[in-house]
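Novice: So here's start15.pdb, just PDB, C-alpha atoms, pLDDT in the B column:
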```pdb
MODEL        1
ATOM      1  CA  GLN A 189     -12.148  -9.380 -12.188  1.00 67.00           C
ATOM      2  CA  LYS A 190      -9.855  -7.925  -9.544  1.00 76.00           C
ATOM      3  CA  GLU A 191      -9.124  -4.237  -9.891  1.00 88.00           C
ATOM      4  CA  VAL A 192      -5.345  -4.695  -9.922  1.00 92.00           C
ATOM      5  CA  GLU A 193      -3.699  -8.004 -10.772  1.00 93.00           C
ATOM      6  CA  GLN A 194      -0.092  -9.084 -10.649  1.00 93.00           C
ATOM      7  CA  ASN A 195       1.968 -12.170 -11.497  1.00 84.00           C
ATOM      8  CA  SER A 196       1.238 -14.667  -8.764  1.00 72.00           C
ATOM      9  CA  GLY A 197       4.947 -15.485  -8.332  1.00 81.00           C
ATOM     10  CA  PRO A 198       7.206 -16.319  -6.696  1.00 91.00           C
ATOM     11  CA  LEU A 199       9.584 -15.148  -9.389  1.00 95.00           C
ATOM     12  CA  SER A 200      13.176 -16.367  -9.218  1.00 96.00           C
ATOM     13  CA  VAL A 201      15.962 -14.868 -11.303  1.00 97.00           C
ATOM     14  CA  PRO A 202      19.743 -15.322 -11.165  1.00 97.00           C
ATOM     15  CA  GLU A 203      21.916 -12.463  -9.974  1.00 98.00           C
ATOM     16  CA  GLY A 204      22.684 -10.061 -12.820  1.00 97.00           C
ATOM     17  CA  ALA A 205      19.597 -10.975 -14.839  1.00 97.00           C
ATOM     18  CA  ILE A 206      16.627  -8.777 -15.701  1.00 97.00           C
ATOM     19  CA  ALA A 207      13.554  -9.254 -13.520  1.00 97.00           C
ATOM     20  CA  SER A 208      10.232  -8.397 -15.149  1.00 96.00           C
ATOM     21  CA  LEU A 209       7.217  -7.693 -12.981  1.00 97.00           C
ATOM     22  CA  ASN A 210       3.804  -7.193 -14.529  1.00 96.00           C
ATOM     23  CA  CYS A 211       0.577  -5.546 -13.430  1.00 96.00           C
ATOM     24  CA  THR A 212      -2.802  -5.103 -15.108  1.00 96.00           C
ATOM     25  CA  TYR A 213      -5.670  -2.934 -13.965  1.00 95.00           C
ATOM     26  CA  SER A 214      -9.350  -2.860 -14.762  1.00 93.00           C
ATOM     27  CA  ASP A 215     -10.314   0.821 -14.518  1.00 89.00           C
ATOM     28  CA  ARG A 216      -9.513   2.523 -17.800  1.00 89.00           C
ATOM     29  CA  GLY A 217      -9.801   5.909 -16.079  1.00 87.00           C
ATOM     30  CA  SER A 218      -6.787   5.217 -13.863  1.00 89.00           C
ATOM     31  CA  GLN A 219      -4.213   7.956 -14.077  1.00 87.00           C
ATOM     32  CA  SER A 220      -1.304   7.285 -11.768  1.00 89.00           C
ATOM     33  CA  PHE A 221       0.661   4.120 -11.174  1.00 93.00           C
ATOM     34  CA  PHE A 222       3.164   3.186  -8.512  1.00 93.00           C
ATOM     35  CA  TRP A 223       5.577   0.417  -7.714  1.00 96.00           C
ATOM     36  CA  TYR A 224       6.357  -0.279  -4.071  1.00 96.00           C
ATOM     37  CA  ARG A 225       8.881  -2.691  -2.641  1.00 97.00           C
ATOM     38  CA  GLN A 226       8.252  -4.479   0.635  1.00 96.00           C
ATOM     39  CA  TYR A 227      10.924  -6.422   2.441  1.00 95.00           C
ATOM     40  CA  SER A 228       9.766  -9.158   4.763  1.00 92.00           C
ATOM     41  CA  GLY A 229       8.603  -7.661   8.056  1.00 90.00           C
ATOM     42  CA  LYS A 230       8.920  -4.090   6.782  1.00 93.00           C
ATOM     43  CA  SER A 231       6.524  -1.477   5.424  1.00 95.00           C
ATOM     44  CA  PRO A 232       6.180  -0.808   1.700  1.00 95.00           C
ATOM     45  CA  GLU A 233       8.478   1.823   0.246  1.00 94.00           C
ATOM     46  CA  LEU A 234       8.003   3.651  -3.034  1.00 92.00           C
ATOM     47  CA  ILE A 235      10.330   2.702  -5.888  1.00 94.00           C
ATOM     48  CA  MET A 236       8.819   4.538  -8.820  1.00 92.00           C
ATOM     49  CA  PHE A 237       5.722   6.227 -10.110  1.00 91.00           C
ATOM     50  CA  ILE A 238       4.599   6.732 -13.687  1.00 92.00           C
ATOM     51  CA  TYR A 239       1.630   8.505 -15.205  1.00 87.00           C
ATOM     52  CA  SER A 240       2.457   8.922 -18.892  1.00 90.00           C
ATOM     53  CA  ASN A 241       2.517   6.208 -21.510  1.00 93.00           C
ATOM     54  CA  GLY A 242       5.986   4.919 -22.277  1.00 95.00           C
ATOM     55  CA  ASP A 243       9.058   4.162 -20.236  1.00 95.00           C
ATOM     56  CA  LYS A 244      10.488   5.847 -17.196  1.00 95.00           C
ATOM     57  CA  GLU A 245      13.959   4.937 -16.035  1.00 96.00           C
ATOM     58  CA  ASP A 246      15.554   5.427 -12.633  1.00 95.00           C
ATOM     59  CA  GLY A 247      18.883   3.707 -12.168  1.00 96.00           C
ATOM     60  CA  ARG A 248      18.414  -0.031 -12.564  1.00 97.00           C
ATOM     61  CA  PHE A 249      14.624   0.307 -12.547  1.00 97.00           C
ATOM     62  CA  THR A 250      12.391   0.984 -15.547  1.00 97.00           C
ATOM     63  CA  ALA A 251       8.642   1.383 -15.326  1.00 97.00           C
ATOM     64  CA  GLN A 252       6.612   0.878 -18.476  1.00 97.00           C
ATOM     65  CA  LEU A 253       3.023   2.053 -18.916  1.00 96.00           C
ATOM     66  CA  ASN A 254       0.573   1.201 -21.672  1.00 96.00           C
ATOM     67  CA  LYS A 255      -2.809   2.725 -20.887  1.00 93.00           C
ATOM     68  CA  ALA A 256      -4.454   1.295 -24.008  1.00 94.00           C
ATOM     69  CA  SER A 257      -3.606  -2.213 -22.821  1.00 95.00           C
ATOM     70  CA  GLN A 258      -4.136  -1.279 -19.147  1.00 95.00           C
ATOM     71  CA  TYR A 259      -0.740  -2.663 -18.321  1.00 95.00           C
ATOM     72  CA  VAL A 260       2.165  -1.435 -16.242  1.00 97.00           C
ATOM     73  CA  SER A 261       5.429  -3.239 -15.670  1.00 97.00           C
ATOM     74  CA  LEU A 262       8.639  -2.879 -13.709  1.00 97.00           C
ATOM     75  CA  LEU A 263      11.967  -4.060 -15.055  1.00 97.00           C
ATOM     76  CA  ILE A 264      14.922  -4.489 -12.741  1.00 98.00           C
ATOM     77  CA  ARG A 265      18.236  -4.702 -14.566  1.00 98.00           C
ATOM     78  CA  ASP A 266      21.339  -6.343 -13.113  1.00 98.00           C
ATOM     79  CA  SER A 267      19.237  -7.893 -10.344  1.00 98.00           C
ATOM     80  CA  GLN A 268      20.926  -8.141  -6.964  1.00 97.00           C
ATOM     81  CA  PRO A 269      20.131 -10.393  -4.004  1.00 97.00           C
ATOM     82  CA  SER A 270      19.144  -7.218  -2.143  1.00 97.00           C
ATOM     83  CA  ASP A 271      16.286  -6.811  -4.646  1.00 97.00           C
ATOM     84  CA  SER A 272      14.637  -9.912  -3.172  1.00 97.00           C
ATOM     85  CA  ALA A 273      11.336  -8.620  -1.836  1.00 96.00           C
ATOM     86  CA  THR A 274       7.648  -8.406  -2.639  1.00 95.00           C
ATOM     87  CA  TYR A 275       6.773  -5.813  -5.275  1.00 97.00           C
ATOM     88  CA  LEU A 276       3.395  -4.133  -5.071  1.00 95.00           C
ATOM     89  CA  CYS A 277       1.687  -2.383  -7.957  1.00 95.00           C
ATOM     90  CA  ALA A 278      -0.674   0.451  -6.993  1.00 92.00           C
ATOM     91  CA  VAL A 279      -3.151   2.379  -9.107  1.00 91.00           C
ATOM     92  CA  VAL A 280      -5.163   5.535  -8.492  1.00 86.00           C
ATOM     93  CA  LYS A 281      -7.818   7.158 -10.636  1.00 76.00           C
ATOM     94  CA  THR A 282      -8.098  10.725  -9.422  1.00 69.00           C
ATOM     95  CA  SER A 283      -7.069  12.770  -6.457  1.00 61.00           C
ATOM     96  CA  TYR A 284     -10.390  11.936  -4.824  1.00 66.00           C
ATOM     97  CA  ASP A 285     -10.091   8.181  -5.144  1.00 74.00           C
ATOM     98  CA  LYS A 286      -8.408   5.617  -2.980  1.00 78.00           C
ATOM     99  CA  VAL A 287      -5.173   3.946  -4.022  1.00 84.00           C
ATOM    100  CA  ILE A 288      -5.736   0.352  -5.046  1.00 87.00           C
ATOM    101  CA  PHE A 289      -2.932  -2.146  -4.464  1.00 91.00           C
ATOM    102  CA  GLY A 290      -2.343  -5.395  -6.267  1.00 92.00           C
ATOM    103  CA  PRO A 291      -1.594  -8.572  -4.308  1.00 92.00           C
ATOM    104  CA  GLY A 292       2.141  -8.303  -4.911  1.00 94.00           C
ATOM    105  CA  THR A 293       4.749 -10.468  -6.616  1.00 95.00           C
ATOM    106  CA  SER A 294       7.497 -12.086  -4.585  1.00 95.00           C
ATOM    107  CA  LEU A 295      10.906 -11.802  -6.240  1.00 96.00           C
ATOM    108  CA  SER A 296      13.885 -13.901  -5.280  1.00 96.00           C
ATOM    109  CA  VAL A 297      17.298 -13.098  -6.781  1.00 97.00           C
ATOM    110  CA  ILE A 298      19.563 -16.112  -6.564  1.00 97.00           C
ATOM    111  CA  PRO A 299      23.313 -15.406  -6.039  1.00 95.00           C
TER
ATOM    112  CA  GLY B 236      11.709  15.548   8.176  1.00 56.00           C
ATOM    113  CA  ALA B 237       9.632  13.182  10.307  1.00 82.00           C
ATOM    114  CA  GLY B 238       7.876  10.332   8.575  1.00 93.00           C
ATOM    115  CA  VAL B 239       4.587   8.671   9.356  1.00 96.00           C
ATOM    116  CA  SER B 240       4.532   7.391  12.905  1.00 97.00           C
ATOM    117  CA  GLN B 241       2.286   4.773  14.420  1.00 98.00           C
ATOM    118  CA  SER B 242       1.686   3.673  17.972  1.00 97.00           C
ATOM    119  CA  PRO B 243       1.899   1.302  19.609  1.00 98.00           C
ATOM    120  CA  SER B 244       4.392  -0.698  17.552  1.00 97.00           C
ATOM    121  CA  ASN B 245       3.115  -3.899  19.108  1.00 97.00           C
ATOM    122  CA  LYS B 246      -0.138  -4.639  20.884  1.00 98.00           C
ATOM    123  CA  VAL B 247      -1.175  -7.872  22.520  1.00 98.00           C
ATOM    124  CA  THR B 248      -4.754  -7.973  23.711  1.00 97.00           C
ATOM    125  CA  GLU B 249      -7.243 -10.493  24.924  1.00 97.00           C
ATOM    126  CA  LYS B 250     -10.157 -11.537  22.782  1.00 97.00           C
ATOM    127  CA  GLY B 251     -13.138  -9.289  23.420  1.00 97.00           C
ATOM    128  CA  LYS B 252     -11.145  -6.222  24.459  1.00 98.00           C
ATOM    129  CA  ASP B 253     -11.171  -2.937  22.547  1.00 98.00           C
ATOM    130  CA  VAL B 254      -7.993  -1.509  21.048  1.00 98.00           C
ATOM    131  CA  GLU B 255      -7.008   1.865  19.622  1.00 98.00           C
ATOM    132  CA  LEU B 256      -4.299   2.274  17.051  1.00 98.00           C
ATOM    133  CA  ARG B 257      -2.854   5.682  16.329  1.00 98.00           C
ATOM    134  CA  CYS B 258      -1.372   7.175  13.196  1.00 98.00           C
ATOM    135  CA  ASP B 259       0.445  10.497  12.961  1.00 97.00           C
ATOM    136  CA  PRO B 260       0.871  11.425   9.275  1.00 95.00           C
ATOM    137  CA  ILE B 261       3.539  13.555   7.658  1.00 94.00           C
ATOM    138  CA  SER B 262       2.811  17.208   8.285  1.00 92.00           C
ATOM    139  CA  GLY B 263       0.822  18.722   5.426  1.00 88.00           C
ATOM    140  CA  HIS B 264      -0.401  15.427   4.019  1.00 90.00           C
ATOM    141  CA  THR B 265      -4.139  15.697   3.613  1.00 88.00           C
ATOM    142  CA  ALA B 266      -4.831  12.081   2.644  1.00 88.00           C
ATOM    143  CA  LEU B 267      -4.513   9.275   5.169  1.00 92.00           C
ATOM    144  CA  TYR B 268      -5.047   5.565   4.619  1.00 92.00           C
ATOM    145  CA  TRP B 269      -5.381   2.520   6.834  1.00 95.00           C
ATOM    146  CA  TYR B 270      -4.481  -0.949   5.582  1.00 95.00           C
ATOM    147  CA  ARG B 271      -4.306  -4.362   7.179  1.00 95.00           C
ATOM    148  CA  GLN B 272      -1.765  -6.988   6.267  1.00 94.00           C
ATOM    149  CA  SER B 273      -1.955 -10.535   7.530  1.00 90.00           C
ATOM    150  CA  LEU B 274       1.160 -12.711   7.490  1.00 84.00           C
ATOM    151  CA  GLY B 275       2.268 -13.402   3.940  1.00 80.00           C
ATOM    152  CA  GLN B 276      -0.708 -11.568   2.469  1.00 84.00           C
ATOM    153  CA  GLY B 277      -1.160  -8.378   0.469  1.00 85.00           C
ATOM    154  CA  LEU B 278      -2.439  -5.033   1.677  1.00 89.00           C
ATOM    155  CA  GLU B 279      -6.116  -5.006   2.591  1.00 90.00           C
ATOM    156  CA  PHE B 280      -7.619  -1.516   2.268  1.00 90.00           C
ATOM    157  CA  LEU B 281      -9.645  -0.458   5.303  1.00 94.00           C
ATOM    158  CA  ILE B 282     -10.473   3.242   5.115  1.00 93.00           C
ATOM    159  CA  TYR B 283      -9.311   6.442   3.493  1.00 88.00           C
ATOM    160  CA  PHE B 284      -9.505  10.037   4.755  1.00 90.00           C
ATOM    161  CA  GLN B 285      -9.387  13.271   2.809  1.00 86.00           C
ATOM    162  CA  GLY B 286      -8.885  15.858   5.522  1.00 87.00           C
ATOM    163  CA  ASN B 287     -11.245  14.820   8.307  1.00 88.00           C
ATOM    164  CA  SER B 288     -13.820  13.143   6.112  1.00 88.00           C
ATOM    165  CA  ALA B 289     -13.805   9.538   4.978  1.00 87.00           C
ATOM    166  CA  PRO B 290     -15.005   9.271   1.359  1.00 79.00           C
ATOM    167  CA  ASP B 291     -14.423   5.536   1.354  1.00 81.00           C
ATOM    168  CA  LYS B 292     -15.087   3.254   4.298  1.00 84.00           C
ATOM    169  CA  SER B 293     -15.772   0.254   2.100  1.00 83.00           C
ATOM    170  CA  GLY B 294     -12.874  -1.770   3.413  1.00 89.00           C
ATOM    171  CA  LEU B 295     -13.855  -1.858   7.074  1.00 93.00           C
ATOM    172  CA  PRO B 296     -14.448  -5.590   7.756  1.00 93.00           C
ATOM    173  CA  SER B 297     -17.313  -5.161  10.220  1.00 93.00           C
ATOM    174  CA  ASP B 298     -19.048  -2.637  12.442  1.00 94.00           C
ATOM    175  CA  ARG B 299     -16.514  -3.474  15.143  1.00 97.00           C
ATOM    176  CA  PHE B 300     -14.053  -1.341  13.188  1.00 97.00           C
ATOM    177  CA  SER B 301     -14.202   2.435  13.167  1.00 96.00           C
ATOM    178  CA  ALA B 302     -11.803   5.262  12.485  1.00 96.00           C
ATOM    179  CA  GLU B 303     -11.678   8.970  12.919  1.00 95.00           C
ATOM    180  CA  ARG B 304      -9.370  11.788  12.047  1.00 95.00           C
ATOM    181  CA  THR B 305      -9.336  15.103  13.804  1.00 88.00           C
ATOM    182  CA  GLY B 306      -7.746  18.388  12.838  1.00 87.00           C
ATOM    183  CA  GLY B 307      -6.769  16.917   9.497  1.00 83.00           C
ATOM    184  CA  SER B 308      -3.867  15.220  11.221  1.00 92.00           C
ATOM    185  CA  VAL B 309      -3.831  12.312  13.670  1.00 96.00           C
ATOM    186  CA  SER B 310      -6.083   9.343  13.030  1.00 97.00           C
ATOM    187  CA  THR B 311      -7.251   6.609  15.346  1.00 97.00           C
ATOM    188  CA  LEU B 312      -8.436   3.174  14.254  1.00 97.00           C
ATOM    189  CA  THR B 313     -10.577   1.490  16.885  1.00 98.00           C
ATOM    190  CA  ILE B 314     -11.397  -2.192  16.968  1.00 98.00           C
ATOM    191  CA  GLN B 315     -14.096  -3.177  19.426  1.00 98.00           C
ATOM    192  CA  ARG B 316     -14.542  -6.648  20.894  1.00 98.00           C
ATOM    193  CA  THR B 317     -11.396  -7.921  19.192  1.00 98.00           C
ATOM    194  CA  GLN B 318     -11.359 -11.374  17.652  1.00 97.00           C
ATOM    195  CA  GLN B 319      -8.411 -13.626  16.877  1.00 96.00           C
ATOM    196  CA  GLU B 320      -8.913 -13.033  13.148  1.00 95.00           C
ATOM    197  CA  ASP B 321      -8.157  -9.353  13.775  1.00 97.00           C
ATOM    198  CA  SER B 322      -4.520 -10.278  14.417  1.00 97.00           C
ATOM    199  CA  ALA B 323      -2.433  -8.607  11.709  1.00 97.00           C
ATOM    200  CA  VAL B 324      -0.148  -5.689  11.031  1.00 97.00           C
ATOM    201  CA  TYR B 325      -2.101  -2.457  10.661  1.00 98.00           C
ATOM    202  CA  LEU B 326      -0.386   0.003   8.355  1.00 97.00           C
ATOM    203  CA  CYS B 327      -1.074   3.681   7.996  1.00 97.00           C
ATOM    204  CA  ALA B 328       0.015   5.769   5.022  1.00 94.00           C
ATOM    205  CA  SER B 329      -0.300   9.428   4.139  1.00 93.00           C
ATOM    206  CA  SER B 330       0.085  11.486   1.003  1.00 89.00           C
ATOM    207  CA  PHE B 331      -0.431  14.890  -0.526  1.00 83.00           C
ATOM    208  CA  VAL B 332      -3.492  15.274  -2.690  1.00 74.00           C
ATOM    209  CA  LEU B 333      -2.872  17.091  -5.940  1.00 66.00           C
ATOM    210  CA  THR B 334      -5.291  18.100  -8.658  1.00 62.00           C
ATOM    211  CA  SER B 335      -3.151  16.159 -11.086  1.00 60.00           C
ATOM    212  CA  GLY B 336      -0.107  13.981 -11.030  1.00 53.00           C
ATOM    213  CA  PRO B 337       0.990  11.154  -8.775  1.00 55.00           C
ATOM    214  CA  TYR B 338       0.128  10.816  -5.126  1.00 73.00           C
ATOM    215  CA  GLU B 339       2.920   8.828  -3.533  1.00 83.00           C
ATOM    216  CA  GLN B 340       2.001   7.204  -0.245  1.00 88.00           C
ATOM    217  CA  TYR B 341       4.424   7.140   2.625  1.00 92.00           C
ATOM    218  CA  PHE B 342       3.912   4.280   5.040  1.00 96.00           C
ATOM    219  CA  GLY B 343       4.378   4.142   8.771  1.00 97.00           C
ATOM    220  CA  PRO B 344       6.149   1.230  10.462  1.00 96.00           C
ATOM    221  CA  GLY B 345       2.857  -0.444  11.354  1.00 97.00           C
ATOM    222  CA  THR B 346       1.242  -1.752  14.507  1.00 98.00           C
ATOM    223  CA  ARG B 347       1.423  -5.499  15.020  1.00 97.00           C
ATOM    224  CA  LEU B 348      -1.787  -6.563  16.737  1.00 98.00           C
ATOM    225  CA  THR B 349      -2.021  -9.964  18.375  1.00 97.00           C
ATOM    226  CA  VAL B 350      -5.334 -11.099  19.836  1.00 97.00           C
ATOM    227  CA  THR B 351      -4.995 -13.994  22.245  1.00 96.00           C
TER
ENDMDL
END
```
Give the structure from this file in structure tokens form.
Specialist:
Amino acid sequence: QKEVEQNSGPLSVPEGAIASLNCTYSDRGSQSFFWYRQYSGKSPELIMFIYSNGDKEDGRFTAQLNKASQYVSLLIRDSQPSDSATYLCAVVKTSYDKVIFGPGTSLSVIP
Amino acid sequence: GAGVSQSPSNKVTEKGKDVELRCDPISGHTALYWYRQSLGQGLEFLIYFQGNSAPDKSGLPSDRFSAERTGGSVSTLTIQRTQQEDSAVYLCASSFVLTSGPYEQYFGPGTRLTVT
């Protein structure tokens, strides 16, 4: 089992719809969770982090964490063509552990 | 403030040559990471530094790859006797290390390595 898994994608949604990106992780001791966005040919950039169970909202983005189910998701409301990118889920256990990235999900928002 | 910088931005080298890639992290960031990303692929973890020590070297693909970090700042990734399969974008990231809470990574622009 891979340490961090994501929807294989590509995921296509129409403009204005909600895009739902999912991530599962294998280490139950994981404490911090991140979503990065990577445009083609660019470096990843942080969108959100979450470390408590529940929802965390930032503008059109909502991260959801369920540690019991070892599941973290990212919802993008009112999707825009500019949201078209690869979304990377990242997980870290403690401050002395490496950050583990998932393989990424490619999102395409269709105008 | 200044972000993570990497040099060179592009490197073309002949098969069998050695290359050095440099990463200058954000000032004060004690953790530094190297990743490799081939075209259309995800991030492949290479090595991770806490200060000058490397608690995890598990991602280095072979003994041709090595990395060091001096003064808790700049890091150099060295690839000896380069092979065509080494061609990729090499990304460096840095972060604070806290006793609790999230540890956001900030990525540099990457070095695109092409081995001919």
Novice: Looking at all atoms listed in the file, which of A:Ser231, A:Gln252, A:Asn210, A:Gln226 is the one that sits closest to Ser270 (chain A)?
Specialist: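 Closest candidate: A:Gln226.
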Novice: In file coordinates, which residues lie within 7 Å of (1.8, 7.1, -7.0) using all atoms listed in the file, given as a PDB file with C-alpha atoms, keeping the file's coordinate frame?
Specialist:
```
ATOM      1  CA  SER A 220      -1.304   7.285 -11.768  1.00 89.00           C
ATOM      2  CA  PHE A 221       0.661   4.120 -11.174  1.00 93.00           C
ATOM      3  CA  PHE A 222       3.164   3.186  -8.512  1.00 93.00           C
ATOM      4  CA  PHE A 237       5.722   6.227 -10.110  1.00 91.00           C
TER       5      PHE A 237
ATOM      6  CA  PRO B 337       0.990  11.154  -8.775  1.00 55.00           C
ATOM      7  CA  TYR B 338       0.128  10.816  -5.126  1.00 73.00           C
ATOM      8  CA  GLU B 339       2.920   8.828  -3.533  1.00 83.00           C
ATOM      9  CA  GLN B 340       2.001   7.204  -0.245  1.00 88.00           C
TER      10      GLN B 340
END
```
Novice: When the cut-off is 10 Å and we count only C-alpha atoms, which residues of chain A are near chain B, given as a PyMOL selection string?
Specialist: chain A and resi 219-224+228-240+274+276+278-293
Novice: Include C-alpha atoms and write out the residues we just selected as a compact mmCIF listing (two decimals), in the coordinates of the input.
Specialist:
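For reference, part-v5.txt as written:
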```txt
# COMPACT_ATOMS: atom_id res chain seq x y z
CA GLN A 219 -4.21 7.96 -14.08
CA SER A 220 -1.30 7.28 -11.77
CA PHE A 221 0.66 4.12 -11.17
CA PHE A 222 3.16 3.19 -8.51
CA TRP A 223 5.58 0.42 -7.71
CA TYR A 224 6.36 -0.28 -4.07
CA SER A 228 9.77 -9.16 4.76
CA GLY A 229 8.60 -7.66 8.06
CA LYS A 230 8.92 -4.09 6.78
CA SER A 231 6.52 -1.48 5.42
CA PRO A 232 6.18 -0.81 1.70
CA GLU A 233 8.48 1.82 0.25
CA LEU A 234 8.00 3.65 -3.03
CA ILE A 235 10.33 2.70 -5.89
CA MET A 236 8.82 4.54 -8.82
CA PHE A 237 5.72 6.23 -10.11
CA ILE A 238 4.60 6.73 -13.69
CA TYR A 239 1.63 8.51 -15.20
CA SER A 240 2.46 8.92 -18.89
CA THR A 274 7.65 -8.41 -2.64
CA LEU A 276 3.40 -4.13 -5.07
CA ALA A 278 -0.67 0.45 -6.99
CA VAL A 279 -3.15 2.38 -9.11
CA VAL A 280 -5.16 5.54 -8.49
CA LYS A 281 -7.82 7.16 -10.64
CA THR A 282 -8.10 10.72 -9.42
CA SER A 283 -7.07 12.77 -6.46
CA TYR A 284 -10.39 11.94 -4.82
CA ASP A 285 -10.09 8.18 -5.14
CA LYS A 286 -8.41 5.62 -2.98
CA VAL A 287 -5.17 3.95 -4.02
CA ILE A 288 -5.74 0.35 -5.05
CA PHE A 289 -2.93 -2.15 -4.46
CA GLY A 290 -2.34 -5.40 -6.27
CA PRO A 291 -1.59 -8.57 -4.31
CA GLY A 292 2.14 -8.30 -4.91
CA THR A 293 4.75 -10.47 -6.62
```
Novice: Decode the PyMOL selection byres ((chain A and resi 267) around 12) for the given file into explicit residues and return them as a list in words.
Specialist: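 Written out, the selection comes to Ser200, Val201, Pro202, Glu203, Gly204, Ala205, Ile206, Ala207, Ser208, Gly247, Arg248, Phe249, Leu263, Ile264, Arg265, Asp266, Gln268, Pro269, Ser270, Asp271, Ser272, Ala273, Leu295, Ser296, Val297, Ile298 and Pro299 of chain A.
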Novice: CA of Leu199 (chain A) and CA of Ser294 (chain A) are how many Å apart?
Specialist: 6.1 Å
Novice: Build an axis-aligned box that encloses every atom of region 281-294 of chain B listed in the file, pad it by 5 Å on each side, and report its centre and edge lengths in Å to one decimal, as AutoDock Vina command-line options.
Specialist:
```
--center_x -12.3 --center_y 7.0 --center_z 4.8 --size_x 16.9 --size_y 27.6 --size_z 17.0
```
Novice: Expanded to explicit residues, what is the PyMOL selection byres ((chain A and resi 241) around 7) for this file, as a PyMOL selection string?
Specialist: chain A and resi 239-240+242-243+253-255
Novice: To one decimal place, how far is CA of Glu191 (chain A) from CA of Tyr227 (chain A) in Å?
Specialist: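 Between CA of Glu191 (chain A) and CA of Tyr227 (chain A) the gap is 23.6 Å.
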Novice: Anything within 12 Å of (-11.5, 19.4, 9.7): list those residues as JSON, numbers by chain, counting only C-alpha atoms and sticking to the file's coordinates.
Specialist: {"B": [265, 284, 285, 286, 287, 288, 289, 303, 304, 305, 306, 307, 308, 309, 310]}
Novice: Counting only C-alpha atoms, what is within 8 Å of region 250-258 of chain B, bar same-chain residues fewer than 3 positions away, as a PyMOL selection string?
Specialist: chain B and resi 239-243+309-319+327+343+346+350-351
Novice: So what do you get for CA of Cys211 (chain A) versus CA of Tyr270 (chain B), distance-wise?
Specialist: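 Pair CA of Cys211 (chain A) / CA of Tyr270 (chain B) returns 20.2 Å.
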Novice: Please write the residues picked by the PyMOL selection byres ((chain B and resi 347) around 7) on this file as a PyMOL selection string.
Specialist: chain B and resi 244-246+323-325+345-346+348-349
Novice: For the residues selected in the previous step, produce a file with C-alpha atoms as a compact mmCIF listing (two decimals), in the coordinates of the input.
Specialist:
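Output contents, as saved in result-v9.txt:
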```txt
# COMPACT_ATOMS: atom_id res chain seq x y z
CA SER B 244 4.39 -0.70 17.55
CA ASN B 245 3.12 -3.90 19.11
CA LYS B 246 -0.14 -4.64 20.88
CA ALA B 323 -2.43 -8.61 11.71
CA VAL B 324 -0.15 -5.69 11.03
CA TYR B 325 -2.10 -2.46 10.66
CA GLY B 345 2.86 -0.44 11.35
CA THR B 346 1.24 -1.75 14.51
CA LEU B 348 -1.79 -6.56 16.74
CA THR B 349 -2.02 -9.96 18.38
```
Novice: Which is closer to Gly217 (chain A) than all the others in A:Ala256, A:Glu193, A:Cys277, A:Pro198, using all atoms listed in the file?
Specialist: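 Going through A:Ala256, A:Glu193, A:Cys277, A:Pro198 one by one, the smallest distance to Gly217 (chain A) is for A:Ala256.
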